[in-house]
file final.cif (mmCIF, C-alpha atoms)
data_final
loop_
_atom_site.label_atom_id
_atom_site.label_comp_id
_atom_site.auth_asym_id
_atom_site.auth_seq_id
_atom_site.Cartn_x
_atom_site.Cartn_y
_atom_site.Cartn_z
CA MET D 43 149.39 88.67 -109.43
CA LYS D 44 147.40 86.53 -111.78
CA ASN D 45 144.14 87.90 -110.42
CA GLU D 46 145.18 91.53 -111.01
CA SER D 47 146.07 90.98 -114.67
CA THR D 48 142.78 89.14 -115.23
CA ALA D 49 140.89 92.00 -113.60
CA LEU D 50 142.65 94.53 -115.83
CA THR D 51 141.83 92.52 -118.91
CA GLU D 52 138.14 92.33 -117.94
CA VAL D 53 137.95 96.10 -117.40
CA GLN D 54 139.51 96.83 -120.77
CA GLN D 55 137.11 94.59 -122.69
CA PRO D 56 133.99 96.41 -123.83
CA ASN D 57 130.64 94.95 -122.89
CA LYS D 58 128.06 93.81 -125.47
CA PHE D 59 126.24 97.15 -125.41
CA GLN D 60 129.43 99.03 -126.24
CA ILE D 61 130.21 96.62 -129.08
CA ILE D 62 126.72 97.06 -130.56
CA LEU D 63 126.97 100.83 -130.11
CA GLU D 64 130.29 100.89 -131.96
CA LYS D 65 129.00 98.72 -134.82
CA ILE D 66 125.77 100.64 -135.35
CA GLY D 67 126.93 104.09 -134.38
CA LYS D 68 125.37 106.64 -132.05
CA ARG D 69 124.06 108.72 -134.93
CA ASN D 70 122.22 105.78 -136.50
CA ILE D 71 120.66 104.90 -133.17
CA ILE D 72 119.42 108.49 -132.82
CA ILE D 73 118.02 108.39 -136.35
CA ALA D 74 116.30 105.06 -135.69
CA CYS D 75 114.77 106.49 -132.51
CA ALA D 76 113.52 109.53 -134.46
CA VAL D 77 111.89 107.26 -137.06
CA LEU D 78 110.37 105.21 -134.24
CA LEU D 79 108.95 108.38 -132.64
CA ILE D 80 107.40 109.39 -135.96
CA GLY D 81 105.86 105.94 -136.22
CA VAL D 82 104.42 106.26 -132.72
CA ALA D 83 103.03 109.71 -133.61
CA VAL D 84 101.37 108.29 -136.73
CA LEU D 85 99.95 105.42 -134.68
CA MET D 86 98.57 107.83 -132.05
CA ASN D 87 97.06 109.96 -134.81
CA PHE D 88 95.44 106.84 -136.25
CA ILE D 89 94.04 105.85 -132.85
CA LEU D 90 92.69 109.32 -132.13
CA PHE D 91 91.10 109.85 -135.55
CA SER D 92 90.07 106.31 -136.46
CA GLY D 93 86.52 105.52 -137.57
CA SER D 94 83.89 104.21 -135.19
CA GLY D 95 83.42 100.79 -136.73
CA LYS D 96 84.44 98.52 -139.55
CA ASP D 97 82.38 96.49 -141.95
CA ASP D 98 83.06 95.47 -145.51
CA GLY D 99 79.93 96.85 -147.16
CA TYR D 100 78.15 100.05 -147.81
CA ASP D 101 75.39 99.60 -145.23
CA GLY D 102 74.20 103.00 -144.12
CA TYR D 103 76.10 104.71 -146.92
CA ASP D 104 73.81 107.71 -146.86
CA GLN D 105 72.55 107.48 -143.30
CA PRO D 106 74.03 109.29 -140.32
CA SER D 107 75.16 106.83 -137.70
CA GLY D 108 77.75 106.97 -134.97
CA SER D 109 80.16 108.41 -137.50
CA VAL D 110 78.53 111.83 -137.85
CA SER D 111 78.87 114.18 -134.94
CA ASP D 112 77.34 117.55 -134.21
CA ASP D 113 79.72 120.27 -133.06
CA ALA D 114 77.96 123.18 -134.75
CA ASN D 115 75.39 124.13 -132.13
CA LYS D 116 77.43 126.61 -130.02
CA ASN D 117 79.93 128.03 -132.53
CA ASP D 118 79.67 131.33 -134.28
CA ALA D 119 81.10 131.93 -137.76
CA THR D 120 84.34 133.50 -136.51
CA ASP D 121 85.17 130.63 -134.19
CA VAL D 122 84.40 128.06 -136.87
CA SER D 123 86.56 129.80 -139.49
CA ALA D 124 89.39 130.10 -136.98
CA TYR D 125 89.02 126.39 -136.20
CA PHE D 126 89.44 125.36 -139.84
CA SER D 127 92.44 127.65 -140.33
CA ALA D 128 94.12 126.53 -137.11
CA THR D 129 93.52 122.86 -137.88
CA GLN D 130 95.04 123.13 -141.35
CA VAL D 131 98.07 125.04 -140.04
CA SER D 132 98.57 122.54 -137.19
CA ARG D 133 98.31 119.58 -139.56
CA GLN D 134 100.80 121.15 -141.97
CA ARG D 135 103.25 121.97 -139.16
CA ALA D 136 103.17 118.38 -137.86
CA ARG D 137 103.71 117.01 -141.36
CA ASP D 138 106.56 119.46 -142.03
CA GLU D 139 108.31 118.36 -138.83
CA ALA D 140 107.92 114.69 -139.73
CA LEU D 141 109.20 115.30 -143.26
CA GLU D 142 112.16 117.25 -141.89
CA VAL D 143 113.20 114.35 -139.65
CA LEU D 144 112.75 111.83 -142.46
CA GLN D 145 114.73 114.01 -144.87
CA ALA D 146 117.54 114.20 -142.29
CA VAL D 147 117.63 110.39 -142.25
CA VAL D 148 117.83 110.27 -146.06
CA GLU D 149 120.64 112.84 -146.16
CA ASN D 150 122.63 111.27 -143.29
CA VAL D 151 125.78 109.65 -144.65
CA ASP D 152 125.94 107.33 -141.63
CA ALA D 153 122.42 105.95 -142.12
CA THR D 154 122.14 102.47 -143.54
CA GLU D 155 120.55 101.89 -146.92
CA ALA D 156 117.59 100.17 -145.23
CA MET D 157 117.01 103.18 -142.99
CA LYS D 158 117.17 105.54 -145.96
CA ASN D 159 114.74 103.38 -147.96
CA GLU D 160 112.34 103.23 -145.00
CA ALA D 161 112.50 107.02 -144.62
CA LEU D 162 111.90 107.51 -148.37
CA ALA D 163 108.91 105.16 -148.23
CA GLU D 164 107.45 107.10 -145.28
CA ILE D 165 107.99 110.39 -147.16
CA ALA D 166 106.10 108.93 -150.12
CA VAL D 167 103.21 107.85 -147.86
CA ILE D 168 102.98 111.31 -146.29
CA ALA D 169 103.08 112.99 -149.72
CA ASP D 170 100.32 110.67 -150.96
CA GLU D 171 98.15 111.42 -147.91
CA ILE D 172 98.68 115.18 -148.37
CA GLN D 173 97.57 114.93 -152.00
CA LYS D 174 94.50 112.83 -151.17
CA GLU D 175 93.47 115.18 -148.35
CA ALA D 176 93.84 118.23 -150.60
CA ASN D 177 91.75 116.57 -153.32
CA ILE D 178 89.04 115.57 -150.85
CA GLU D 179 88.90 119.06 -149.33
CA SER D 180 88.68 120.71 -152.75
CA LEU D 181 85.95 118.40 -154.02
CA ILE D 182 83.87 118.68 -150.84
CA THR D 183 84.02 122.49 -150.89
CA ALA D 184 83.10 122.33 -154.59
CA LYS D 185 79.91 120.50 -153.54
CA GLY D 186 78.82 123.61 -151.63
CA PHE D 187 80.36 123.22 -148.19
CA GLU D 188 81.98 126.44 -147.01
CA ALA D 189 84.98 124.77 -145.34
CA CYS D 190 86.42 121.28 -144.98
CA VAL D 191 89.40 119.58 -143.33
CA ALA D 192 90.28 115.97 -144.18
CA VAL D 193 92.64 113.78 -142.16
CA ILE D 194 93.61 110.40 -143.62
CA ASN D 195 95.18 107.61 -141.59
CA ASP D 196 95.69 104.40 -143.57
CA ASP D 197 92.15 103.04 -144.15
CA THR D 198 90.26 105.66 -142.14
CA ALA D 199 89.40 109.28 -142.77
CA SER D 200 88.05 112.03 -140.55
CA ILE D 201 86.22 114.76 -142.43
CA VAL D 202 85.25 118.00 -140.68
CA VAL D 203 82.81 120.16 -142.65
CA LYS D 204 81.27 123.53 -141.93
CA ALA D 205 77.54 122.86 -142.14
CA ASP D 206 74.40 123.70 -140.19
CA ASP D 207 72.91 120.32 -140.99
CA LEU D 208 73.92 117.24 -142.98
CA GLN D 209 71.35 115.59 -145.20
CA PRO D 210 71.70 111.92 -146.17
CA ALA D 211 72.52 112.96 -149.75
CA GLU D 212 75.36 115.19 -148.49
CA ILE D 213 76.73 112.37 -146.34
CA ALA D 214 76.61 110.10 -149.40
CA GLN D 215 78.45 112.74 -151.48
CA ILE D 216 81.20 113.05 -148.86
CA ASN D 217 81.55 109.27 -148.58
CA ALA D 218 81.70 108.96 -152.39
CA ILE D 219 84.40 111.63 -152.66
CA VAL D 220 86.51 109.99 -149.95
CA TYR D 221 86.13 106.58 -151.61
CA GLU D 222 87.00 107.92 -155.07
CA GLN D 223 90.05 109.84 -153.88
CA ALA D 224 91.43 107.59 -151.14
CA GLY D 225 89.71 104.21 -151.56
CA ILE D 226 88.33 104.36 -148.02
CA LEU D 227 84.97 102.66 -147.49
CA PRO D 228 82.19 104.64 -145.79
CA SER D 229 82.58 102.46 -142.70
CA GLY D 230 86.04 103.99 -142.24
CA VAL D 231 84.86 107.58 -142.67
CA THR D 232 83.96 109.81 -139.73
CA ILE D 233 82.11 113.00 -140.68
CA ILE D 234 82.02 115.84 -138.17
CA ARG D 235 79.86 118.97 -138.49
CA LYS D 236 81.46 122.11 -137.16
#

call {"tool": "encode", "arguments": {"input": "final.cif", "output": "structure tokens"}}
result
Amino acid sequence: MKNESTALTEVQQPNKFQIILEKIGKRNIIIACAVLLIGVAVLMNFILFSGSGKDDGYDGYDQPSGSVSDDANKNDATDVSAYFSATQVSRQRARDEALEVLQAVVENVDATEAMKNEALAEIAVIADEIQKEANIESLITAKGFEACVAVINDDTASIVVKADDLQPAEIAQINAIVYEQAGILPSGVTIIRK
């Protein structure tokens, strides 16, 4: 009889996972996973759009190197314009989704203060990147380029411009604009002709 009562007691006791789940709450775990997924998405974006190399100086500031690519040779004007529009819409949609998830974390009454602060900090980073990208795009188009899309990831930037050819002076102008607006050195800037 002693064995049966011990067995019943063991079954009724929750395991460590259940205790942790009860303390943290299912909703908070889901929110934490959503924030983690956003972090992974930002990391993947950084990996995919990161610059080709890092150095601390301005060597090759106005010279095309491995960080200028040529995609303009087989595109007509319609395809190129559609590319810029689609890229900007896609970027905005991804940002809107990320901001929506982060805003849900901030508004969740069950979220911890640390989670809310982390979400608010991430919202501020995204807002800052949006502003810097918009400034860069406006200033580059003001320099005579017909279209431009800028993507900033921490200390790297990918700049896609509509141009038949890029002269060293134009590369230097783009690098200067990116540095002035985002503080990113030319070694962290990838310029792509479309």

call {"tool": "closest_residue", "arguments": {"input": "final.cif", "among": "D:Ile61, D:Ala211, D:Ile168, D:Ile234", "to": "Ala136 in chain D", "atoms": "all atoms listed in the file"}}
result
D:Ile168

call {"tool": "closest_residue", "arguments": {"input": "final.cif", "among": "D:Leu79, D:Ile62, D:Ala218, D:Val122", "to": "Cys190 in chain D", "atoms": "all atoms listed in the file"}}
result
D:Val122

call {"tool": "residues_around", "arguments": {"input": "final.cif", "residues": "Ile182 in chain D", "least_positions_apart": "6", "cutoff": "12 Å", "atoms": "all atoms listed in the file", "output": "PyMOL selection string"}}
result
chain D and resi 175-176+188-192+201-205+212-220+222-223+233

call {"tool": "atom_distance", "arguments": {"input": "final.cif", "atom1": "CA of Ile80 in chain D", "atom2": "CA of Ser229 in chain D"}}
result
26.6 Å

call {"tool": "atom_distance", "arguments": {"input": "final.cif", "atom1": "CA of Val151 in chain D", "atom2": "CA of Glu139 in chain D"}}
result
20.4 Å

call {"tool": "atom_distance", "arguments": {"input": "final.cif", "atom1": "CA of Lys65 in chain D", "atom2": "CA of Leu144 in chain D"}}
result
22.2 Å

call {"tool": "closest_residue", "arguments": {"input": "final.cif", "among": "D:Ile178, D:Ala146, D:Ala124, D:Leu141", "to": "Asn70 in chain D", "atoms": "all atoms listed in the file"}}
result
D:Ala146

call {"tool": "closest_residue", "arguments": {"input": "final.cif", "among": "D:Ala74, D:Ala163, D:Ser132, D:Ile172", "to": "Val147 in chain D", "atoms": "only C-alpha atoms"}}
result
D:Ala74

call {"tool": "closest_residue", "arguments": {"input": "final.cif", "among": "D:Glu164, D:Asp207, D:Asp197, D:Glu179", "to": "Gly81 in chain D", "atoms": "only C-alpha atoms"}}
result
D:Glu164

call {"tool": "closest_residue", "arguments": {"input": "final.cif", "among": "D:Ala76, D:Lys68, D:Val82, D:Gln130", "to": "Gln145 in chain D", "atoms": "all atoms listed in the file"}}
result
D:Ala76

call {"tool": "decode", "arguments": {"input": "final.cif", "residues": "range 210-221 of chain D", "atoms": "N, CA and C atoms", "output": "short mmCIF file (atom, residue, chain, number, x, y, z; two decimals), in the first residue's frame"}}
result
data_model
loop_
_atom_site.label_atom_id
_atom_site.label_comp_id
_atom_site.auth_asym_id
_atom_site.auth_seq_id
_atom_site.Cartn_x
_atom_site.Cartn_y
_atom_site.Cartn_z
N PRO D 210 34.10 56.81 -60.38
CA PRO D 210 34.69 56.90 -59.04
C PRO D 210 34.13 58.05 -58.20
N ALA D 211 33.85 59.19 -58.83
CA ALA D 211 33.31 60.33 -58.09
C ALA D 211 31.91 60.01 -57.57
N GLU D 212 31.11 59.28 -58.35
CA GLU D 212 29.77 58.90 -57.91
C GLU D 212 29.83 57.91 -56.75
N ILE D 213 30.76 56.98 -56.83
CA ILE D 213 30.96 56.01 -55.74
C ILE D 213 31.35 56.76 -54.47
N ALA D 214 32.24 57.73 -54.61
CA ALA D 214 32.67 58.54 -53.46
C ALA D 214 31.49 59.33 -52.88
N GLN D 215 30.63 59.88 -53.75
CA GLN D 215 29.45 60.61 -53.28
C GLN D 215 28.53 59.69 -52.48
N ILE D 216 28.28 58.50 -53.00
CA ILE D 216 27.40 57.55 -52.31
C ILE D 216 28.00 57.17 -50.96
N ASN D 217 29.29 56.86 -50.95
CA ASN D 217 29.96 56.50 -49.69
C ASN D 217 29.90 57.65 -48.69
N ALA D 218 30.07 58.89 -49.17
CA ALA D 218 30.03 60.05 -48.28
C ALA D 218 28.64 60.23 -47.69
N ILE D 219 27.62 60.06 -48.51
CA ILE D 219 26.24 60.20 -48.03
C ILE D 219 25.93 59.16 -46.97
N VAL D 220 26.32 57.90 -47.23
CA VAL D 220 26.06 56.83 -46.27
C VAL D 220 26.80 57.11 -44.97
N TYR D 221 28.05 57.58 -45.06
CA TYR D 221 28.81 57.87 -43.85
C TYR D 221 28.18 59.03 -43.06
#
